[in-house]
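Peer 1: What follows is the file run-v4.pdb, containing PDB, C-alpha atoms and all ligand atoms:
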```pdb
ATOM      1  CA  GLU A   1     -11.986  -0.396 -19.211
ATOM      2  CA  ASN A   2     -12.189   3.122 -17.871
ATOM      3  CA  SER A   3     -11.364   5.370 -20.829
ATOM      4  CA  SER A   4     -11.292   8.749 -19.038
ATOM      5  CA  GLN A   5      -8.194  10.855 -19.668
ATOM      6  CA  PRO A   6      -5.527  10.423 -17.006
ATOM      7  CA  PRO A   7      -4.814  13.542 -14.902
ATOM      8  CA  THR A   8      -1.508  15.207 -15.784
ATOM      9  CA  GLU A   9       0.512  17.939 -14.088
ATOM     10  CA  HIS A  10       3.791  19.753 -14.559
ATOM     11  CA  VAL A  11       6.315  17.966 -12.367
ATOM     12  CA  GLY A  12       9.523  19.287 -10.905
ATOM     13  CA  PRO A  13      10.874  21.575  -8.239
ATOM     14  CA  ASP A  14       8.696  24.581  -7.371
ATOM     15  CA  TYR A  15      11.446  27.070  -8.261
ATOM     16  CA  ARG A  16      11.273  26.055 -11.914
ATOM     17  CA  PRO A  17       8.709  27.744 -14.181
ATOM     18  CA  ALA A  18       5.999  25.417 -15.524
ATOM     19  CA  MET A  19       7.345  25.621 -19.078
ATOM     20  CA  GLN A  20      10.616  24.059 -17.897
ATOM     21  CA  LYS A  21       8.868  21.153 -16.225
ATOM     22  CA  PRO A  22       7.702  18.004 -18.009
ATOM     23  CA  THR A  23       4.126  16.895 -17.640
ATOM     24  CA  ALA A  24       3.434  13.490 -16.149
ATOM     25  CA  THR A  25       0.430  11.410 -15.204
ATOM     26  CA  VAL A  26      -0.394  11.969 -11.553
ATOM     27  CA  SER A  27      -2.625   9.992  -9.238
ATOM     28  CA  THR A  28      -6.364  10.041  -9.791
ATOM     29  CA  SER A  29      -7.954  11.681  -6.761
ATOM     30  CA  LEU A  30     -10.614  10.019  -4.634
ATOM     31  CA  SER A  31     -13.264  11.522  -2.406
ATOM     32  CA  HIS A  32     -13.042   8.926   0.389
ATOM     33  CA  SER A  33     -11.702  10.462   3.571
ATOM     34  CA  ASN A  34     -10.221   7.174   4.790
ATOM     35  CA  VAL A  35      -7.899   6.908   1.745
ATOM     36  CA  THR A  36      -4.571   8.779   1.846
ATOM     37  CA  ILE A  37      -2.682   9.046  -1.445
ATOM     38  CA  LEU A  38       1.016   9.914  -1.234
ATOM     39  CA  PRO A  39       1.697  13.299  -2.857
ATOM     40  CA  SER A  40       2.748  12.919  -6.528
ATOM     41  CA  THR A  41       6.243  14.312  -5.908
ATOM     42  CA  PRO A  42       8.972  14.170  -8.574
ATOM     43  CA  GLN A  43      10.714  11.488  -6.529
ATOM     44  CA  LEU A  44       7.673   9.236  -6.155
ATOM     45  CA  LEU A  45       6.746   9.637  -9.833
ATOM     46  CA  SER A  46      10.265   8.759 -10.969
ATOM     47  CA  LEU A  47      10.279   5.648  -8.762
ATOM     48  CA  LEU A  48       6.887   4.591 -10.088
ATOM     49  CA  THR A  49       8.075   5.210 -13.665
ATOM     50  CA  MET A  50      10.914   2.738 -13.083
ATOM     51  CA  ILE A  51       8.706  -0.062 -11.796
ATOM     52  CA  ARG A  52       6.003   0.480 -14.438
ATOM     53  CA  ASP A  53       8.520   0.101 -17.299
ATOM     54  CA  LYS A  54       8.219  -3.375 -18.824
ATOM     55  CA  ASN A  55      11.957  -3.207 -19.633
ATOM     56  CA  THR A  56      12.944  -2.822 -15.969
ATOM     57  CA  GLY A  57      14.611  -6.064 -14.876
ATOM     58  CA  ARG A  58      14.027  -7.864 -11.613
ATOM     59  CA  ALA A  59      16.931  -6.387  -9.611
ATOM     60  CA  ASP A  60      15.872  -2.815 -10.393
ATOM     61  CA  PHE A  61      12.203  -3.671  -9.902
ATOM     62  CA  ILE A  62      12.984  -4.890  -6.380
ATOM     63  CA  PHE A  63      15.241  -1.910  -5.598
ATOM     64  CA  TYR A  64      12.758   0.776  -6.717
ATOM     65  CA  SER A  65       9.732  -1.023  -5.260
ATOM     66  CA  ASN A  66      11.516  -1.158  -1.916
ATOM     67  CA  ARG A  67      12.048   2.588  -1.997
ATOM     68  CA  ILE A  68       8.330   3.219  -2.577
ATOM     69  CA  ILE A  69       7.408   0.677   0.102
ATOM     70  CA  ARG A  70       9.608   2.560   2.561
ATOM     71  CA  LEU A  71       7.744   5.804   1.784
ATOM     72  CA  LEU A  72       4.432   4.005   2.339
ATOM     73  CA  VAL A  73       5.508   2.579   5.684
ATOM     74  CA  GLU A  74       6.825   5.952   6.864
ATOM     75  CA  GLU A  75       3.530   7.625   5.919
ATOM     76  CA  GLY A  76       1.483   4.749   7.354
ATOM     77  CA  LEU A  77       3.117   5.178  10.751
ATOM     78  CA  ASN A  78       1.785   8.756  10.827
ATOM     79  CA  HIS A  79      -1.693   7.260  11.140
ATOM     80  CA  LEU A  80      -1.005   5.501  14.440
ATOM     81  CA  PRO A  81      -1.828   7.301  17.698
ATOM     82  CA  VAL A  82       0.840   8.827  19.922
ATOM     83  CA  VAL A  83       0.909   9.918  23.565
ATOM     84  CA  LYS A  84       2.874  12.655  25.285
ATOM     85  CA  HIS A  85       6.450  11.656  26.149
ATOM     86  CA  GLU A  86       8.935  14.010  27.777
ATOM     87  CA  VAL A  87      12.654  13.277  27.697
ATOM     88  CA  THR A  88      15.723  14.967  29.156
ATOM     89  CA  THR A  89      18.520  15.693  26.671
ATOM     90  CA  PRO A  90      22.263  15.358  27.421
ATOM     91  CA  VAL A  91      22.415  19.119  28.041
ATOM     92  CA  GLY A  92      19.864  18.860  30.823
ATOM     93  CA  ARG A  93      16.862  20.316  29.021
ATOM     94  CA  VAL A  94      13.437  18.762  28.769
ATOM     95  CA  TYR A  95      12.088  18.039  25.313
ATOM     96  CA  SER A  96       8.336  17.716  25.181
ATOM     97  CA  GLY A  97       7.801  14.905  22.692
ATOM     98  CA  VAL A  98       5.556  11.991  21.824
ATOM     99  CA  LYS A  99       5.791   8.247  21.461
ATOM    100  CA  PHE A 100       3.659   5.634  19.768
ATOM    101  CA  GLU A 101       0.851   4.201  21.816
ATOM    102  CA  GLY A 102      -0.145   0.569  21.542
ATOM    103  CA  LYS A 103       1.191  -2.579  19.948
ATOM    104  CA  ILE A 104       1.301  -3.210  16.217
ATOM    105  CA  CYS A 105       1.769  -6.142  13.861
ATOM    106  CA  GLY A 106       2.080  -6.583  10.110
ATOM    107  CA  VAL A 107      -0.084  -8.941   8.054
ATOM    108  CA  SER A 108       0.956  -9.662   4.484
ATOM    109  CA  ILE A 109      -1.347 -10.961   1.783
ATOM    110  CA  MET A 110       0.803 -13.638   0.136
ATOM    111  CA  ARG A 111       2.588 -13.721  -2.156
ATOM    112  CA  ALA A 112       3.042 -10.122  -3.340
ATOM    113  CA  GLY A 113       2.385  -8.593   0.091
ATOM    114  CA  GLU A 114       5.423 -10.376   1.504
ATOM    115  CA  SER A 115       7.563  -7.978  -0.540
ATOM    116  CA  MET A 116       6.512  -5.229   1.894
ATOM    117  CA  GLU A 117       7.605  -7.021   5.069
ATOM    118  CA  GLN A 118      11.232  -5.893   4.853
ATOM    119  CA  GLY A 119      10.237  -2.224   4.588
ATOM    120  CA  LEU A 120       8.053  -2.606   7.657
ATOM    121  CA  ARG A 121      10.860  -4.322   9.588
ATOM    122  CA  GLU A 122      13.297  -1.547   8.676
ATOM    123  CA  CYS A 123      11.031   0.903  10.512
ATOM    124  CA  CYS A 124       9.661  -1.361  13.282
ATOM    125  CA  ARG A 125      12.566  -3.645  14.157
ATOM    126  CA  SER A 126      11.050  -6.721  15.800
ATOM    127  CA  VAL A 127       7.512  -6.355  14.496
ATOM    128  CA  ARG A 128       5.408  -9.524  14.515
ATOM    129  CA  ILE A 129       4.165 -10.538  11.091
ATOM    130  CA  GLY A 130       1.152 -12.651  10.237
ATOM    131  CA  LYS A 131       0.343 -14.127   6.834
ATOM    132  CA  ILE A 132      -2.808 -14.617   4.831
ATOM    133  CA  LEU A 133      -2.540 -16.604   1.601
ATOM    134  CA  ILE A 134      -5.142 -15.380  -0.881
ATOM    135  CA  GLN A 135      -4.810 -16.037  -4.604
ATOM    136  CA  ARG A 136      -6.898 -14.609  -7.421
ATOM    137  CA  ASP A 137      -8.268 -17.177  -9.846
ATOM    138  CA  GLU A 138      -6.457 -16.395 -13.127
ATOM    139  CA  GLU A 139      -9.682 -16.755 -15.165
ATOM    140  CA  THR A 140     -12.313 -15.104 -12.980
ATOM    141  CA  ALA A 141     -10.112 -12.814 -10.817
ATOM    142  CA  LYS A 142     -12.130 -14.047  -7.794
ATOM    143  CA  PRO A 143     -10.002 -14.394  -4.662
ATOM    144  CA  LYS A 144      -9.659 -17.663  -2.775
ATOM    145  CA  LEU A 145      -8.457 -17.978   0.816
ATOM    146  CA  TYR A 146      -5.980 -20.844   1.307
ATOM    147  CA  TYR A 147      -4.248 -20.230   4.623
ATOM    148  CA  ASP A 148      -3.719 -17.824   7.456
ATOM    149  CA  LYS A 149      -1.372 -17.663  10.430
ATOM    150  CA  LEU A 150      -1.768 -14.609  12.646
ATOM    151  CA  PRO A 151      -0.373 -13.493  16.024
ATOM    152  CA  GLU A 152      -2.555 -14.906  18.836
ATOM    153  CA  ASP A 153      -3.117 -11.502  20.405
ATOM    154  CA  ILE A 154      -3.878  -9.790  17.096
ATOM    155  CA  ALA A 155      -7.170  -8.431  18.489
ATOM    156  CA  ASP A 156      -5.098  -6.227  20.850
ATOM    157  CA  ARG A 157      -2.860  -4.838  18.111
ATOM    158  CA  TRP A 158      -2.942  -2.232  15.386
ATOM    159  CA  VAL A 159      -2.659  -4.160  12.118
ATOM    160  CA  LEU A 160      -0.673  -2.946   9.108
ATOM    161  CA  LEU A 161      -2.129  -4.963   6.220
ATOM    162  CA  LEU A 162       0.297  -5.260   3.294
ATOM    163  CA  ASP A 163      -0.488  -5.784  -0.405
ATOM    164  CA  PRO A 164       1.059  -3.787  -3.259
ATOM    165  CA  MET A 165      -1.847  -4.193  -5.710
ATOM    166  CA  LEU A 166      -5.518  -3.306  -5.156
ATOM    167  CA  ALA A 167      -7.295  -4.230  -8.405
ATOM    168  CA  THR A 168     -10.930  -5.325  -7.968
ATOM    169  CA  GLY A 169     -10.403  -5.130  -4.209
ATOM    170  CA  GLY A 170     -11.553  -8.728  -3.730
ATOM    171  CA  SER A 171      -8.332  -9.945  -2.089
ATOM    172  CA  ALA A 172      -8.057  -7.017   0.329
ATOM    173  CA  LEU A 173     -11.736  -7.269   1.315
ATOM    174  CA  MET A 174     -11.299 -10.973   2.023
ATOM    175  CA  ALA A 175      -8.200 -10.290   4.131
ATOM    176  CA  VAL A 176     -10.035  -7.670   6.208
ATOM    177  CA  ASP A 177     -12.905 -10.156   6.743
ATOM    178  CA  VAL A 178     -10.342 -12.604   8.175
ATOM    179  CA  LEU A 179      -8.891  -9.924  10.502
ATOM    180  CA  ILE A 180     -12.346  -8.897  11.733
ATOM    181  CA  SER A 181     -13.262 -12.558  12.339
ATOM    182  CA  ARG A 182     -10.233 -12.700  14.699
ATOM    183  CA  GLY A 183     -11.528  -9.757  16.685
ATOM    184  CA  VAL A 184      -9.497  -6.908  15.151
ATOM    185  CA  PRO A 185     -11.651  -3.753  15.217
ATOM    186  CA  GLU A 186     -12.030  -2.226  11.758
ATOM    187  CA  ASP A 187     -10.636   1.116  12.893
ATOM    188  CA  ARG A 188      -7.374  -0.514  13.992
ATOM    189  CA  ILE A 189      -6.527  -1.747  10.496
ATOM    190  CA  LEU A 190      -4.266   0.256   8.186
ATOM    191  CA  PHE A 191      -3.919  -1.005   4.618
ATOM    192  CA  LEU A 192      -0.622  -0.132   2.861
ATOM    193  CA  ASN A 193      -0.775  -0.380  -0.928
ATOM    194  CA  LEU A 194       1.391   0.686  -3.892
ATOM    195  CA  ILE A 195      -1.099   0.981  -6.739
ATOM    196  CA  ALA A 196      -4.893   0.938  -6.574
ATOM    197  CA  SER A 197      -7.576   1.064  -9.256
ATOM    198  CA  PRO A 198     -10.260   3.714  -8.641
ATOM    199  CA  GLU A 199     -13.003   1.078  -8.570
ATOM    200  CA  GLY A 200     -11.064  -1.224  -6.204
ATOM    201  CA  ALA A 201     -10.258   1.636  -3.839
ATOM    202  CA  ALA A 202     -13.876   2.850  -3.882
ATOM    203  CA  ASN A 203     -15.252  -0.678  -3.258
ATOM    204  CA  PHE A 204     -12.883  -1.138  -0.376
ATOM    205  CA  ALA A 205     -13.446   2.292   1.183
ATOM    206  CA  GLU A 206     -17.227   1.916   0.991
ATOM    207  CA  ARG A 207     -17.315  -1.563   2.493
ATOM    208  CA  PHE A 208     -14.816  -0.722   5.265
ATOM    209  CA  PRO A 209     -15.034   3.034   5.851
ATOM    210  CA  LYS A 210     -13.077   2.809   9.103
ATOM    211  CA  VAL A 211     -10.059   0.981   7.660
ATOM    212  CA  ARG A 212      -7.419   3.548   6.745
ATOM    213  CA  VAL A 213      -5.827   3.074   3.331
ATOM    214  CA  VAL A 214      -2.453   4.546   2.438
ATOM    215  CA  THR A 215      -1.610   4.139  -1.244
ATOM    216  CA  ALA A 216       1.134   5.536  -3.445
ATOM    217  CA  PHE A 217      -1.022   5.995  -6.546
ATOM    218  CA  VAL A 218      -4.519   5.519  -7.931
ATOM    219  CA  ASP A 219      -4.411   4.457 -11.591
ATOM    220  CA  GLN A 220      -6.971   4.781 -14.401
ATOM    221  CA  GLY A 221      -8.844   1.505 -14.141
ATOM    222  CA  LEU A 222      -8.878  -2.196 -14.918
ATOM    223  CA  ASP A 223      -8.520  -4.056 -18.212
ATOM    224  CA  GLU A 224     -10.623  -7.009 -19.377
ATOM    225  CA  LYS A 225      -8.491  -9.389 -17.284
ATOM    226  CA  ASN A 226      -8.882  -7.177 -14.213
ATOM    227  CA  TYR A 227      -5.279  -6.005 -14.353
ATOM    228  CA  ILE A 228      -4.670  -2.430 -13.254
ATOM    229  CA  VAL A 229      -3.988  -0.002 -16.151
ATOM    230  CA  PRO A 230      -1.537   1.441 -16.862
ATOM    231  CA  GLY A 231      -0.347  -0.547 -13.821
ATOM    232  CA  LEU A 232       2.868  -2.542 -13.787
ATOM    233  CA  GLY A 233       1.741  -6.054 -14.706
ATOM    234  CA  ASP A 234       1.874  -8.878 -12.193
ATOM    235  CA  PHE A 235       3.709  -7.522  -9.149
ATOM    236  CA  GLY A 236       4.374 -10.936  -7.582
ATOM    237  CA  ASP A 237       5.877 -12.318 -10.802
ATOM    238  CA  ARG A 238       8.092  -9.270 -11.333
ATOM    239  CA  PHE A 239       9.329  -9.197  -7.721
ATOM    240  CA  TYR A 240       9.797 -12.936  -7.175
ATOM    241  CA  THR A 241      10.059 -14.981 -10.354
ATOM    242  CA  MET A 242      10.491 -13.043 -13.581
TER     243      MET A 242
HETATM  244  C1  LIG B 301      -2.503 -10.034  -6.718
HETATM  245  C2  LIG B 301      -2.142  -8.891  -5.783
HETATM  246  C3  LIG B 301      -3.348  -8.786  -4.900
HETATM  247  C4  LIG B 301      -4.469  -9.142  -5.829
HETATM  248  C5  LIG B 301      -5.146  -7.887  -6.274
HETATM  249  O1  LIG B 301      -2.253 -11.233  -6.140
HETATM  250  O2  LIG B 301      -0.970  -9.090  -5.053
HETATM  251  O3  LIG B 301      -3.313  -9.670  -3.805
HETATM  252  O4  LIG B 301      -3.890  -9.805  -6.958
HETATM  253  O5  LIG B 301      -6.250  -8.155  -7.041
HETATM  254  P1  LIG B 301      -7.746  -7.941  -6.534
HETATM  255  O6  LIG B 301      -7.795  -6.600  -5.904
HETATM  256  O7  LIG B 301      -8.539  -8.007  -7.816
HETATM  257  O8  LIG B 301      -8.111  -9.043  -5.608
HETATM  258  P2  LIG B 301      -2.392 -12.674  -6.858
HETATM  259  O9  LIG B 301      -3.647 -13.345  -6.432
HETATM  260  O10 LIG B 301      -2.155 -12.538  -8.327
HETATM  261  O11 LIG B 301      -1.243 -13.490  -6.178
HETATM  262  P3  LIG B 301       0.325 -13.229  -5.995
HETATM  263  O12 LIG B 301       0.445 -12.257  -4.857
HETATM  264  O13 LIG B 301       0.839 -14.570  -5.657
HETATM  265  O14 LIG B 301       0.878 -12.684  -7.289
HETATM  266  N1  LIG B 302      -2.356  -8.194  -9.379
HETATM  267  C1  LIG B 302      -1.223  -7.693  -9.936
HETATM  268  O1  LIG B 302      -0.114  -8.081  -9.581
HETATM  269  N2  LIG B 302      -1.357  -6.762 -10.885
HETATM  270  C2  LIG B 302      -2.547  -6.299 -11.297
HETATM  271  O2  LIG B 302      -2.600  -5.414 -12.177
HETATM  272  C3  LIG B 302      -3.720  -6.828 -10.714
HETATM  273  C4  LIG B 302      -3.592  -7.773  -9.746
END
```
Can I see the file as C-alpha cells?

Peer 2:
Amino acid sequence: ENSSQPPTEHVGPDYRPAMQKPTATVSTSLSHSNVTILPSTPQLLSLLTMIRDKNTGRADFIFYSNRIIRLLVEEGLNHLPVVKHEVTTPVGRVYSGVKFEGKICGVSIMRAGESMEQGLRECCRSVRIGKILIQRDEETAKPKLYYDKLPEDIADRWVLLLDPMLATGGSALMAVDVLISRGVPEDRILFLNLIASPEGAANFAERFPKVRVVTAFVDQGLDEKNYIVPGLGDFGDRFYTM
C-alpha cells in the first residue's frame, strides 16, 4: 500500500478566505500529458464524498455517480476534434462556430462500465455502444476477457471507452488491446474513468501514451487486495446489486 500523505487543499468559493474553507483531500497529480484530471472543485469533491461514504445507499450512489459521469462525458467531448461551421441566426447574422468532426461510439467494460452508458447517451443521443466483458479474478486481480461485441465499423470511429475504476490497470489495458486488434488507432481512443490509482494510471499511460484518459480523481494507491484506497469499494456491486 502506498503510505504517502494524501494532498489536501482548502476547498470552497474563491471569495471566501482560506480560514473559512474546510480542507479536503484533492486528486493526486500525475505527470502524464495524456491524462486529464477534472479540477477538484467543491462540487466534484462533494459528489465524490457522497459515493465514497460506505453509508450511502444504492439509490443515492446511483444518483451521485451519474452526476460525476455526466461531468466526465462533458469534459471527454472536449477532446474530440471540431471543424469550422458557420450558421445564420434568426436575426440574419452569421455566427462563426464549430461542429464535431467524425463518428464516435461508446465501448463499456462490463459490468461497471455499463453504468456510464446512460451519461454518454444523454450527451450523444443515438450513439452506438459496444461491450467488452472483462472480469478481474477475485483472488489474483488478473483480468480475464469473456466476450466482446463491437460496432462493425469501429475502426472508422472515435471510441469512448467506459470504466469507472482503474485499479491495477489490467482490465483497461486488455480492453484497449481488443480495440487495437479491431483496427482502432490508439490516438482515437478516449478512456473515461471515475477513480484511478496512481500506479494504474501510470501503467496505462506508459503502455498507451496516445490514448487520452479523462478521470475525475486519482487516489492514493491500492490495498493488498488491489482495491483502490481510499476508493469507494466495489463500484459494480454498489451500483447494481448492493
Ligand atoms: C472492476 C472495475 C474495472 C476493474 C478495475 O471490475 O469495474 O473493470 O475492476 O480493476 P483493474 O484496473 O485492476 O483491472 P470487476 O472485474 O470487479 O467487474 P465488475 O465490473 O463486474 O464489478
Ligand atoms: N474495482 C472496483 O470496483 N473497485 C476497486 O477498488 C478496484 C476494482

Peer 1: Taking into account all atoms listed in the file, which residue in the set A:Ser197, A:Ser171, A:Gln135, A:Thr56 is nearest to Thr215 (chain A)?

Peer 2: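 Closest residue, counting all atoms listed in the file: A:Ser197.
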
Peer 1: At a cut-off of 6 Å around ligand LIG 302 (chain B), and using only C-alpha atoms and all ligand atoms, what residues come up? Please write them as a PyMOL selection string.

Peer 2: chain A and resi 165+167+227-228+231+233-236

Peer 1: List as number ranges by chain the protein and nucleic acid residues lying within 7 Å of ligand LIG 301 (chain B), with all atoms listed in the file counted.

Peer 2: A: 109-113, 134-137, 141-143, 163-172, 200, 226, 234-237

Peer 1: Determine, using only C-alpha atoms, which residues of region 147-224 of chain A have any atom at most 10 Å from an atom of region 73-84 of chain A, and tabulate each with its shortest atom pair and distance in Å to one decimal place, rows ordered by chain and then rising number, as a tab-separated table.

Peer 2:
```
residue	atom	partner	partner_atom	distance
A:Trp158	CA	A:Leu80	CA	8.0
A:Leu160	CA	A:Gly76	CA	8.2
A:Leu162	CA	A:Val73	CA	9.7
A:Arg188	CA	A:Leu80	CA	8.8
A:Ile189	CA	A:Leu80	CA	9.9
A:Leu190	CA	A:Gly76	CA	7.3
A:Phe191	CA	A:Gly76	CA	8.4
A:Leu192	CA	A:Gly76	CA	7.0
A:Asn193	CA	A:Val73	CA	9.6
A:Arg212	CA	A:His79	CA	8.1
A:Val213	CA	A:Gly76	CA	8.5
A:Val214	CA	A:Gly76	CA	6.3
A:Thr215	CA	A:Gly76	CA	9.2
A:Ala216	CA	A:Glu75	CA	9.9
```

Peer 1: Around (3.7, 15.6, -4.7) in the file's own coordinates, what residues are found within 12 Å if you use only C-alpha atoms, given back as an MDAnalysis selection string?

Peer 2: chainID A and resid 9:14 24:27 37:46 216:217

Peer 1: Could you take the residues named above and write them with C-alpha atoms, as a tab-separated table (two decimals), in the coordinates of the input?

Peer 2:
```tsv
chain	number	residue	atom	x	y	z
A	9	GLU	CA	0.51	17.94	-14.09
A	10	HIS	CA	3.79	19.75	-14.56
A	11	VAL	CA	6.32	17.97	-12.37
A	12	GLY	CA	9.52	19.29	-10.90
A	13	PRO	CA	10.87	21.58	-8.24
A	14	ASP	CA	8.70	24.58	-7.37
A	24	ALA	CA	3.43	13.49	-16.15
A	25	THR	CA	0.43	11.41	-15.20
A	26	VAL	CA	-0.39	11.97	-11.55
A	27	SER	CA	-2.62	9.99	-9.24
A	37	ILE	CA	-2.68	9.05	-1.44
A	38	LEU	CA	1.02	9.91	-1.23
A	39	PRO	CA	1.70	13.30	-2.86
A	40	SER	CA	2.75	12.92	-6.53
A	41	THR	CA	6.24	14.31	-5.91
A	42	PRO	CA	8.97	14.17	-8.57
A	43	GLN	CA	10.71	11.49	-6.53
A	44	LEU	CA	7.67	9.24	-6.16
A	45	LEU	CA	6.75	9.64	-9.83
A	46	SER	CA	10.26	8.76	-10.97
A	216	ALA	CA	1.13	5.54	-3.44
A	217	PHE	CA	-1.02	6.00	-6.55
```

Peer 1: Could you expand the PyMOL selection byres (((chain A and resi 104) around 8) and not hetatm) into the explicit residues it covers here, written as a list in words?

Peer 2: Gly102, Lys103, Cys105, Gly106, Val127, Arg128, Arg157, Trp158, Val159 and Leu160 of chain A

Peer 1: Those same residues, written as a compact mmCIF listing (two decimals), in the frame of the given file with C-alpha atoms?

Peer 2:
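Written file, part07.txt:
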```txt
# COMPACT_ATOMS: atom_id res chain seq x y z
CA GLY A 102 -0.14 0.57 21.54
CA LYS A 103 1.19 -2.58 19.95
CA CYS A 105 1.77 -6.14 13.86
CA GLY A 106 2.08 -6.58 10.11
CA VAL A 127 7.51 -6.36 14.50
CA ARG A 128 5.41 -9.52 14.52
CA ARG A 157 -2.86 -4.84 18.11
CA TRP A 158 -2.94 -2.23 15.39
CA VAL A 159 -2.66 -4.16 12.12
CA LEU A 160 -0.67 -2.95 9.11
```

Peer 1: Rebuild N, CA and C atoms on region 229-241 of chain A, as a compact mmCIF listing (two decimals), keeping the file's coordinate frame?

Peer 2:
```txt
# COMPACT_ATOMS: atom_id res chain seq x y z
N VAL A 229 -4.61 -0.73 -15.03
CA VAL A 229 -3.99 0.00 -16.15
C VAL A 229 -3.78 1.47 -15.78
N PRO A 230 -2.65 2.08 -16.17
CA PRO A 230 -1.54 1.44 -16.86
C PRO A 230 -0.80 0.39 -16.01
N GLY A 231 -0.84 0.50 -14.71
CA GLY A 231 -0.35 -0.55 -13.82
C GLY A 231 1.13 -0.85 -13.98
N LEU A 232 1.49 -2.08 -13.62
CA LEU A 232 2.87 -2.54 -13.79
C LEU A 232 2.92 -4.04 -14.08
N GLY A 233 1.77 -4.61 -14.45
CA GLY A 233 1.74 -6.05 -14.71
C GLY A 233 1.52 -6.81 -13.42
N ASP A 234 2.06 -8.02 -13.37
CA ASP A 234 1.87 -8.88 -12.19
C ASP A 234 3.00 -8.60 -11.20
N PHE A 235 2.68 -7.93 -10.11
CA PHE A 235 3.71 -7.52 -9.15
C PHE A 235 4.47 -8.73 -8.60
N GLY A 236 3.73 -9.76 -8.19
CA GLY A 236 4.37 -10.94 -7.58
C GLY A 236 5.36 -11.59 -8.54
N ASP A 237 4.97 -11.72 -9.80
CA ASP A 237 5.88 -12.32 -10.80
C ASP A 237 7.13 -11.46 -10.97
N ARG A 238 6.94 -10.14 -11.06
CA ARG A 238 8.09 -9.27 -11.33
C ARG A 238 9.03 -9.20 -10.13
N PHE A 239 8.49 -9.30 -8.92
CA PHE A 239 9.33 -9.20 -7.72
C PHE A 239 10.01 -10.54 -7.40
N TYR A 240 9.30 -11.64 -7.65
CA TYR A 240 9.80 -12.94 -7.18
C TYR A 240 10.30 -13.89 -8.24
N THR A 241 9.71 -13.87 -9.45
CA THR A 241 10.06 -14.98 -10.35
C THR A 241 10.46 -14.59 -11.77
```
